[in-house]
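Notes for the one structure printed next.
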2 protein chains.
Amino acid sequence: MITTANVKNGVNVDQLVETIGAVQQNPELAKFEFRSKNEWINGGHCVSNIKGFYGVGQEDTSREETFTMECDHPNVLLGNDLAPTPPEVVLHALGSCLTAAMTYHAAANGIDIESASSTLEGGCDLHGFLGLDPEVRMGFDGIKFKLNVKSDASAEQLENLAKFSPVFDMISNPTPVSIEIVKQ
Amino acid sequence: MITTANVKNGVNVDQLVETIGAVQQNPELAKFEFRSKNEWINGGHCVSNIKGFYGVGQEDTSREETFTMECDHPNVLLGNDLAPTPPEVVLHALGSCLTAAMTYHAAANGIDIESASSTLEGGCDLHGFLGLDPEVRMGFDGIKFKLNVKSDASAEQLENLAKFSPVFDMISNPTPVSIEIVKQ
């Protein structure tokens with residue numbers, strides 16, 4: 001008997017159901033640790049290498065590629081504009097995560113997503129970063145995410161599915177960041 | 001008379017002082033808006049295009065390149081591992097932003113940074129994302145940032161400078177995210 005994988009929205013639903021079952025049987029499998037190594041080049045220009053992670057009870061050995069990403073700043077922010085700024089990179093991560101969370105949870109619920117595209121906007125006031133006004137925050141005062149989607153599900157349903165996004169949680173709720181500085 | 005720009009840590013300090021002066025004279029110049037366009041490819045695979053932004057009182061015309069970034073998921077998270085995951089991308093943005101904030105503010109304070117490199121780790125528990133336990137959050141339960149730096153300044157001084165980072169603020173404090181779903 002030949003069986004075909006049950007794939008919806010590009011997500012292997014059989015594997016998803018299997019993963020949920022495995023995690024329910026052995027909660028330790030749900031623990032993940034992601035990592036990044038960052039190197040300062042000059043000014044506001046940095047490069048990160050991303051490869052190893054821990055998950056499903058072990059150190060991952062499947063990922064073959066080391067992903068390289070850069071950040072820089074435009075000329076008006078004293079950079080050479082070689083790469084997006086860190087806040088723009090956050091918008092990329094947030095948009096991708098909200099979208100992927102929606103498509104995964106839609107697949108698990110038998111909902112088809114035909115297409116999805118989005119725009120993200122984040123505003124900030126340099127008085128915060130420049131230390132000119134302690135009342136003004138350094139980061140975005142808010143982010144607008146607008147998602148265009150083709151699906152039979154209601155907008156409300158889709159929004160609830162998108163909100164399973166880990167990055168949405170990290171941005172909209174406080175995530176503790178510990179800082180350790182080691183002098184060389 | 002030939003004058004040389006006053007550059008420290010790769011940051012043009014003259015331009016930085018000028019920027020601060022301009023913002024103090026005209027607070028509207030400090031308002032920035034960054035943007036990203038995101039397109040869903042399949043499953044947990046998305047691509048973003050980043051170019052236009054608003055700042056210094058006008059729509060930017062200086063950036064020539066459109067930056068393209070991708071997110072995907074490793075095989076154990078039902079993806080094809082073509083790009084880093086959104087949470088890994090957040091680590092990249094956070095490490096770059098903390099480092100750049102330190103080097104900019106160090107430059108403004110006459111502190112030399114000779115070198116800087118860092119590692120970031122973020123842990124999470126899939127019980128959150130999978131909707132198996134409402135008590136478990138979807139995102140990282142915490143992020144560890146460890147920065148190795150060569151500088152005459154103290155670790156405490158450097159930490160205070162790094163904390164001007166906009167992305168550090170966005171992650172460690174709540175940032176409101178509005179979601180609008182438009183059915184096509």
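By order of appearance in the structure tokens: chains A, B, ..., then residues from 1 within every chain, and ligands from 1 in the order shown.
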* For Tyr54 in chain B, list every protein, DNA or RNA residue within 8 Å, evaluated using only C-alpha atoms, and leave out those in the same chain fewer than 2 positions away; present the list as a PyMOL selection string. => chain B and resi 31-34+52+56-60
Picked from chain B by DSSP as strand (DSSP E), as a JSON list (two decimals) with N, CA, C and O atoms, in the first residue's frame:
[["chain", "number", "residue", "atom", "x", "y", "z"],
["B", 7, "VAL", "N", 36.53, 60.24, 13.81],
["B", 7, "VAL", "CA", 35.88, 58.93, 13.77],
["B", 7, "VAL", "C", 36.38, 58.05, 14.92],
["B", 7, "VAL", "O", 37.59, 57.94, 15.12],
["B", 8, "LYS", "N", 35.46, 57.48, 15.68],
["B", 8, "LYS", "CA", 35.83, 56.56, 16.75],
["B", 8, "LYS", "C", 34.94, 55.31, 16.64],
["B", 8, "LYS", "O", 33.75, 55.42, 16.43],
["B", 11, "VAL", "N", 32.52, 55.13, 14.01],
["B", 11, "VAL", "CA", 31.38, 56.05, 14.06],
["B", 11, "VAL", "C", 31.89, 57.48, 13.87],
["B", 11, "VAL", "O", 32.82, 57.91, 14.55],
["B", 12, "ASN", "N", 31.30, 58.20, 12.94],
["B", 12, "ASN", "CA", 31.67, 59.59, 12.70],
["B", 12, "ASN", "C", 31.08, 60.46, 13.82],
["B", 12, "ASN", "O", 29.89, 60.77, 13.83],
["B", 31, "LYS", "N", 11.85, 61.51, 14.43],
["B", 31, "LYS", "CA", 10.84, 60.48, 14.17],
["B", 31, "LYS", "C", 11.23, 59.59, 12.99],
["B", 31, "LYS", "O", 11.47, 60.08, 11.89],
["B", 32, "PHE", "N", 11.28, 58.30, 13.25],
["B", 32, "PHE", "CA", 11.61, 57.32, 12.22],
["B", 32, "PHE", "C", 10.47, 56.30, 12.08],
["B", 32, "PHE", "O", 9.78, 56.00, 13.05],
["B", 33, "GLU", "N", 10.28, 55.82, 10.87],
["B", 33, "GLU", "CA", 9.40, 54.67, 10.67],
["B", 33, "GLU", "C", 10.12, 53.67, 9.77],
["B", 33, "GLU", "O", 10.55, 54.02, 8.66],
["B", 34, "PHE", "N", 10.28, 52.44, 10.28],
["B", 34, "PHE", "CA", 10.89, 51.38, 9.49],
["B", 34, "PHE", "C", 9.81, 50.41, 9.02],
["B", 34, "PHE", "O", 8.75, 50.30, 9.64],
["B", 35, "ARG", "N", 10.09, 49.73, 7.90],
["B", 35, "ARG", "CA", 9.07, 48.90, 7.26],
["B", 35, "ARG", "C", 9.65, 47.61, 6.69],
["B", 35, "ARG", "O", 10.83, 47.56, 6.37],
["B", 36, "SER", "N", 8.81, 46.63, 6.56],
["B", 36, "SER", "CA", 9.20, 45.39, 5.91],
["B", 36, "SER", "C", 7.99, 44.83, 5.18],
["B", 36, "SER", "O", 6.85, 44.98, 5.64],
["B", 37, "LYS", "N", 8.24, 44.23, 4.01],
["B", 37, "LYS", "CA", 7.17, 43.53, 3.29],
["B", 37, "LYS", "C", 7.48, 42.05, 3.36],
["B", 37, "LYS", "O", 8.62, 41.65, 3.08],
["B", 38, "ASN", "N", 6.48, 41.27, 3.70],
["B", 38, "ASN", "CA", 6.72, 39.84, 3.88],
["B", 38, "ASN", "C", 5.82, 39.04, 2.95],
["B", 38, "ASN", "O", 4.65, 39.36, 2.76],
["B", 39, "GLU", "N", 6.38, 37.99, 2.38],
["B", 39, "GLU", "CA", 5.63, 37.13, 1.45],
["B", 39, "GLU", "C", 5.76, 35.68, 1.91],
["B", 39, "GLU", "O", 6.87, 35.22, 2.18],
["B", 40, "TRP", "N", 4.64, 35.01, 2.04],
["B", 40, "TRP", "CA", 4.65, 33.60, 2.42],
["B", 40, "TRP", "C", 4.96, 32.76, 1.19],
["B", 40, "TRP", "O", 4.33, 32.93, 0.14],
["B", 41, "ILE", "N", 5.94, 31.84, 1.33],
["B", 41, "ILE", "CA", 6.28, 30.95, 0.21],
["B", 41, "ILE", "C", 5.50, 29.65, 0.36],
["B", 41, "ILE", "O", 4.71, 29.28, -0.50],
["B", 42, "ASN", "N", 5.70, 28.99, 1.51],
["B", 42, "ASN", "CA", 5.12, 27.67, 1.72],
["B", 42, "ASN", "C", 5.46, 27.21, 3.13],
["B", 42, "ASN", "O", 6.57, 27.49, 3.61],
["B", 45, "HIS", "N", 8.10, 28.90, 5.50],
["B", 45, "HIS", "CA", 9.12, 29.59, 4.69],
["B", 45, "HIS", "C", 8.56, 30.93, 4.18],
["B", 45, "HIS", "O", 7.57, 30.96, 3.45],
["B", 46, "CYS", "N", 9.20, 32.03, 4.58],
["B", 46, "CYS", "CA", 8.77, 33.37, 4.19],
["B", 46, "CYS", "C", 9.97, 34.18, 3.71],
["B", 46, "CYS", "O", 11.11, 33.90, 4.10],
["B", 47, "VAL", "N", 9.70, 35.19, 2.91],
["B", 47, "VAL", "CA", 10.76, 36.09, 2.46],
["B", 47, "VAL", "C", 10.32, 37.54, 2.68],
["B", 47, "VAL", "O", 9.16, 37.88, 2.47],
["B", 48, "SER", "N", 11.25, 38.36, 3.15],
["B", 48, "SER", "CA", 10.96, 39.78, 3.38],
["B", 48, "SER", "C", 11.80, 40.66, 2.47],
["B", 48, "SER", "O", 12.95, 40.33, 2.17],
["B", 49, "ASN", "N", 11.22, 41.77, 2.06],
["B", 49, "ASN", "CA", 11.94, 42.81, 1.35],
["B", 49, "ASN", "C", 11.91, 44.08, 2.18],
["B", 49, "ASN", "O", 10.86, 44.48, 2.67],
["B", 50, "ILE", "N", 13.08, 44.66, 2.36],
["B", 50, "ILE", "CA", 13.23, 45.84, 3.21],
["B", 50, "ILE", "C", 13.94, 46.94, 2.43],
["B", 50, "ILE", "O", 15.03, 46.72, 1.91],
["B", 53, "PHE", "N", 12.20, 53.76, 4.23],
["B", 53, "PHE", "CA", 11.91, 54.16, 5.61],
["B", 53, "PHE", "C", 11.77, 55.67, 5.66],
["B", 53, "PHE", "O", 12.17, 56.39, 4.74],
["B", 54, "TYR", "N", 11.16, 56.15, 6.74],
["B", 54, "TYR", "CA", 10.99, 57.58, 6.95],
["B", 54, "TYR", "C", 11.90, 57.99, 8.10],
["B", 54, "TYR", "O", 12.02, 57.28, 9.10],
["B", 55, "GLY", "N", 12.57, 59.12, 7.94],
["B", 55, "GLY", "CA", 13.42, 59.60, 9.03],
["B", 55, "GLY", "C", 14.03, 60.95, 8.68],
["B", 55, "GLY", "O", 14.11, 61.32, 7.49],
["B", 58, "GLN", "N", 11.84, 63.24, 6.44],
["B", 58, "GLN", "CA", 11.45, 62.93, 5.07],
["B", 58, "GLN", "C", 11.53, 61.43, 4.76],
["B", 58, "GLN", "O", 12.14, 60.68, 5.49],
["B", 59, "GLU", "N", 10.89, 61.05, 3.66],
["B", 59, "GLU", "CA", 11.00, 59.70, 3.14],
["B", 59, "GLU", "C", 12.43, 59.54, 2.61],
["B", 59, "GLU", "O", 12.91, 60.38, 1.85],
["B", 67, "PHE", "N", 16.92, 45.05, 0.63],
["B", 67, "PHE", "CA", 17.48, 43.91, 1.35],
["B", 67, "PHE", "C", 16.45, 42.78, 1.41],
["B", 67, "PHE", "O", 15.28, 43.02, 1.72],
["B", 68, "THR", "N", 16.91, 41.58, 1.09],
["B", 68, "THR", "CA", 16.03, 40.41, 1.10],
["B", 68, "THR", "C", 16.48, 39.47, 2.22],
["B", 68, "THR", "O", 17.66, 39.18, 2.33],
["B", 69, "MET", "N", 15.54, 39.04, 3.04],
["B", 69, "MET", "CA", 15.86, 38.12, 4.11],
["B", 69, "MET", "C", 14.82, 37.01, 4.12],
["B", 69, "MET", "O", 13.66, 37.25, 3.79],
["B", 70, "GLU", "N", 15.24, 35.82, 4.51],
["B", 70, "GLU", "CA", 14.31, 34.70, 4.55],
["B", 70, "GLU", "C", 14.23, 34.10, 5.94],
["B", 70, "GLU", "O", 15.14, 34.25, 6.75],
["B", 71, "CYS", "N", 13.13, 33.43, 6.20],
["B", 71, "CYS", "CA", 12.99, 32.59, 7.39],
["B", 71, "CYS", "C", 12.47, 31.24, 6.93],
["B", 71, "CYS", "O", 11.66, 31.15, 6.00],
["B", 113, "ILE", "N", 36.45, 51.14, 21.47],
["B", 113, "ILE", "CA", 36.13, 49.71, 21.46],
["B", 113, "ILE", "C", 37.09, 49.08, 20.44],
["B", 113, "ILE", "O", 37.06, 49.44, 19.26],
["B", 114, "GLU", "N", 37.91, 48.15, 20.90],
["B", 114, "GLU", "CA", 38.87, 47.53, 19.98],
["B", 114, "GLU", "C", 38.27, 46.35, 19.23],
["B", 114, "GLU", "O", 38.51, 46.15, 18.05],
["B", 115, "SER", "N", 37.52, 45.55, 19.95],
["B", 115, "SER", "CA", 36.84, 44.41, 19.33],
["B", 115, "SER", "C", 35.64, 44.02, 20.18],
["B", 115, "SER", "O", 35.61, 44.32, 21.38],
["B", 116, "ALA", "N", 34.68, 43.38, 19.55],
["B", 116, "ALA", "CA", 33.50, 42.92, 20.28],
["B", 116, "ALA", "C", 32.90, 41.73, 19.55],
["B", 116, "ALA", "O", 32.76, 41.75, 18.32],
["B", 117, "SER", "N", 32.60, 40.68, 20.28],
["B", 117, "SER", "CA", 31.90, 39.53, 19.70],
["B", 117, "SER", "C", 31.01, 38.94, 20.80],
["B", 117, "SER", "O", 31.31, 39.10, 21.99],
["B", 118, "SER", "N", 29.95, 38.30, 20.40],
["B", 118, "SER", "CA", 28.99, 37.85, 21.41],
["B", 118, "SER", "C", 28.33, 36.54, 21.01],
["B", 118, "SER", "O", 28.35, 36.13, 19.85],
["B", 119, "THR", "N", 27.76, 35.91, 22.01],
["B", 119, "THR", "CA", 26.90, 34.74, 21.78],
["B", 119, "THR", "C", 25.55, 35.04, 22.42],
["B", 119, "THR", "O", 25.47, 35.73, 23.44],
["B", 120, "LEU", "N", 24.51, 34.52, 21.79],
["B", 120, "LEU", "CA", 23.15, 34.68, 22.32],
["B", 120, "LEU", "C", 22.48, 33.32, 22.36],
["B", 120, "LEU", "O", 22.64, 32.51, 21.43],
["B", 121, "GLU", "N", 21.74, 33.08, 23.42],
["B", 121, "GLU", "CA", 21.00, 31.82, 23.57],
["B", 121, "GLU", "C", 19.60, 32.15, 24.05],
["B", 121, "GLU", "O", 19.42, 32.97, 24.94],
["B", 122, "GLY", "N", 18.63, 31.49, 23.42],
["B", 122, "GLY", "CA", 17.24, 31.68, 23.86],
["B", 122, "GLY", "C", 16.56, 30.32, 23.97],
["B", 122, "GLY", "O", 16.63, 29.51, 23.03],
["B", 123, "GLY", "N", 15.94, 30.06, 25.09],
["B", 123, "GLY", "CA", 15.28, 28.78, 25.29],
["B", 123, "GLY", "C", 13.77, 28.91, 25.22],
["B", 123, "GLY", "O", 13.20, 29.93, 25.60],
["B", 124, "CYS", "N", 13.11, 27.88, 24.69],
["B", 124, "CYS", "CA", 11.64, 27.88, 24.69],
["B", 124, "CYS", "C", 11.13, 26.46, 24.82],
["B", 124, "CYS", "O", 11.89, 25.50, 24.68],
["B", 125, "ASP", "N", 9.86, 26.36, 25.08],
["B", 125, "ASP", "CA", 9.23, 25.07, 25.31],
["B", 125, "ASP", "C", 8.04, 24.99, 24.36],
["B", 125, "ASP", "O", 7.12, 25.82, 24.43],
["B", 142, "GLY", "N", 13.65, 33.31, 28.14],
["B", 142, "GLY", "CA", 14.72, 34.24, 28.49],
["B", 142, "GLY", "C", 15.82, 34.16, 27.44],
["B", 142, "GLY", "O", 15.92, 33.18, 26.71],
["B", 143, "ILE", "N", 16.61, 35.23, 27.35],
["B", 143, "ILE", "CA", 17.72, 35.27, 26.40],
["B", 143, "ILE", "C", 19.00, 35.61, 27.17],
["B", 143, "ILE", "O", 18.99, 36.52, 28.01],
["B", 144, "LYS", "N", 20.06, 34.84, 26.89],
["B", 144, "LYS", "CA", 21.36, 35.14, 27.50],
["B", 144, "LYS", "C", 22.26, 35.77, 26.44],
["B", 144, "LYS", "O", 22.51, 35.16, 25.39],
["B", 145, "PHE", "N", 22.74, 36.96, 26.73],
["B", 145, "PHE", "CA", 23.65, 37.68, 25.83],
["B", 145, "PHE", "C", 25.00, 37.78, 26.53],
["B", 145, "PHE", "O", 25.09, 38.35, 27.62],
["B", 146, "LYS", "N", 26.03, 37.18, 25.92],
["B", 146, "LYS", "CA", 27.37, 37.23, 26.51],
["B", 146, "LYS", "C", 28.30, 37.93, 25.52],
["B", 146, "LYS", "O", 28.50, 37.45, 24.40],
["B", 147, "LEU", "N", 28.83, 39.07, 25.95],
["B", 147, "LEU", "CA", 29.63, 39.92, 25.04],
["B", 147, "LEU", "C", 31.09, 39.95, 25.49],
["B", 147, "LEU", "O", 31.39, 40.30, 26.63],
["B", 148, "ASN", "N", 31.96, 39.54, 24.59],
["B", 148, "ASN", "CA", 33.40, 39.66, 24.82],
["B", 148, "ASN", "C", 33.87, 40.95, 24.18],
["B", 148, "ASN", "O", 33.66, 41.16, 22.98],
["B", 149, "VAL", "N", 34.51, 41.81, 24.95],
["B", 149, "VAL", "CA", 34.87, 43.11, 24.40],
["B", 149, "VAL", "C", 36.24, 43.56, 24.88],
["B", 149, "VAL", "O", 36.62, 43.33, 26.04],
["B", 150, "LYS", "N", 36.99, 44.15, 23.95],
["B", 150, "LYS", "CA", 38.30, 44.75, 24.27],
["B", 150, "LYS", "C", 38.11, 46.25, 24.35],
["B", 150, "LYS", "O", 37.82, 46.90, 23.33],
["B", 151, "SER", "N", 38.25, 46.81, 25.54],
["B", 151, "SER", "CA", 38.07, 48.24, 25.74],
["B", 151, "SER", "C", 38.62, 48.61, 27.11],
["B", 151, "SER", "O", 38.70, 47.76, 28.01],
["B", 177, "VAL", "N", 1.74, 45.33, 19.37],
["B", 177, "VAL", "CA", 1.68, 44.92, 17.96],
["B", 177, "VAL", "C", 0.21, 44.85, 17.56],
["B", 177, "VAL", "O", -0.55, 44.07, 18.13],
["B", 178, "SER", "N", -0.20, 45.71, 16.62],
["B", 178, "SER", "CA", -1.57, 45.64, 16.13],
["B", 178, "SER", "C", -1.62, 44.71, 14.92],
["B", 178, "SER", "O", -0.71, 44.72, 14.09],
["B", 179, "ILE", "N", -2.66, 43.89, 14.85],
["B", 179, "ILE", "CA", -2.81, 42.92, 13.77],
["B", 179, "ILE", "C", -4.07, 43.25, 13.00],
["B", 179, "ILE", "O", -5.15, 43.34, 13.59],
["B", 180, "GLU", "N", -3.91, 43.44, 11.69],
["B", 180, "GLU", "CA", -5.08, 43.64, 10.83],
["B", 180, "GLU", "C", -5.05, 42.57, 9.75],
["B", 180, "GLU", "O", -4.06, 42.45, 9.02],
["B", 181, "ILE", "N", -6.10, 41.78, 9.69],
["B", 181, "ILE", "CA", -6.17, 40.71, 8.67],
["B", 181, "ILE", "C", -7.14, 41.17, 7.59],
["B", 181, "ILE", "O", -8.30, 41.51, 7.90],
["B", 182, "VAL", "N", -6.68, 41.19, 6.36],
["B", 182, "VAL", "CA", -7.52, 41.57, 5.23],
["B", 182, "VAL", "C", -7.71, 40.36, 4.34],
["B", 182, "VAL", "O", -6.75, 39.85, 3.76],
["B", 183, "LYS", "N", -8.95, 39.89, 4.25],
["B", 183, "LYS", "CA", -9.25, 38.71, 3.41],
["B", 183, "LYS", "C", -9.24, 39.15, 1.94],
["B", 183, "LYS", "O", -9.86, 40.15, 1.58]]
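Here the question is which of A:Ser172, A:Thr61, A:Asn109, A:Thr85 gets nearest to chain B using only C-alpha atoms, and that residue is A:Ser172.
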* B:Pro86, B:Phe168, B:Ile111, B:Asp72: which is nearest chain A, counting only C-alpha atoms? -> B:Pro86
* Out of B:His127, B:Val90, B:Leu82, B:Met102, which residue has the shortest atom-to-atom distance to Thr175 in chain A when counting only C-alpha atoms? -> B:Val90
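Residues in contact with Ile171 in chain B at 8 Å, where only C-alpha atoms are counted and same-chain residues fewer than 6 positions away are skipped, are listed as A:Met170, A:Ile171, A:Asn173, A:Pro174, A:Thr175, A:Pro176, A:Val177.
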What does the file look like for those residues with N, CA, C and O atoms, as a compact mmCIF listing (two decimals), in the first residue's frame?
# COMPACT_ATOMS: atom_id res chain seq x y z
N MET A 170 7.27 37.30 22.10
CA MET A 170 8.51 37.93 22.61
C MET A 170 8.50 39.45 22.50
O MET A 170 9.11 40.14 23.29
N ILE A 171 7.81 39.96 21.47
CA ILE A 171 7.77 41.41 21.24
C ILE A 171 6.66 42.04 22.08
O ILE A 171 6.87 43.08 22.72
N ASN A 173 5.10 40.85 24.75
CA ASN A 173 5.26 40.63 26.20
C ASN A 173 6.75 40.75 26.56
O ASN A 173 7.61 40.50 25.73
N PRO A 174 7.05 41.09 27.81
CA PRO A 174 8.46 41.22 28.19
C PRO A 174 9.19 39.87 28.14
O PRO A 174 8.65 38.86 28.58
N THR A 175 10.38 39.88 27.58
CA THR A 175 11.25 38.70 27.57
C THR A 175 12.53 39.09 28.29
O THR A 175 13.24 40.00 27.82
N PRO A 176 12.86 38.46 29.41
CA PRO A 176 14.07 38.86 30.13
C PRO A 176 15.34 38.59 29.31
O PRO A 176 15.49 37.52 28.74
N VAL A 177 16.21 39.59 29.26
CA VAL A 177 17.50 39.45 28.56
C VAL A 177 18.60 39.68 29.59
O VAL A 177 18.69 40.76 30.18
* Asked: Running DSSP on the backbone, which parts of chain A land in alpha helix (DSSP H), as a VMD selection string?
  -> chain A and resid 13 to 25 86 to 108 126 to 129 155 to 162 166 to 172
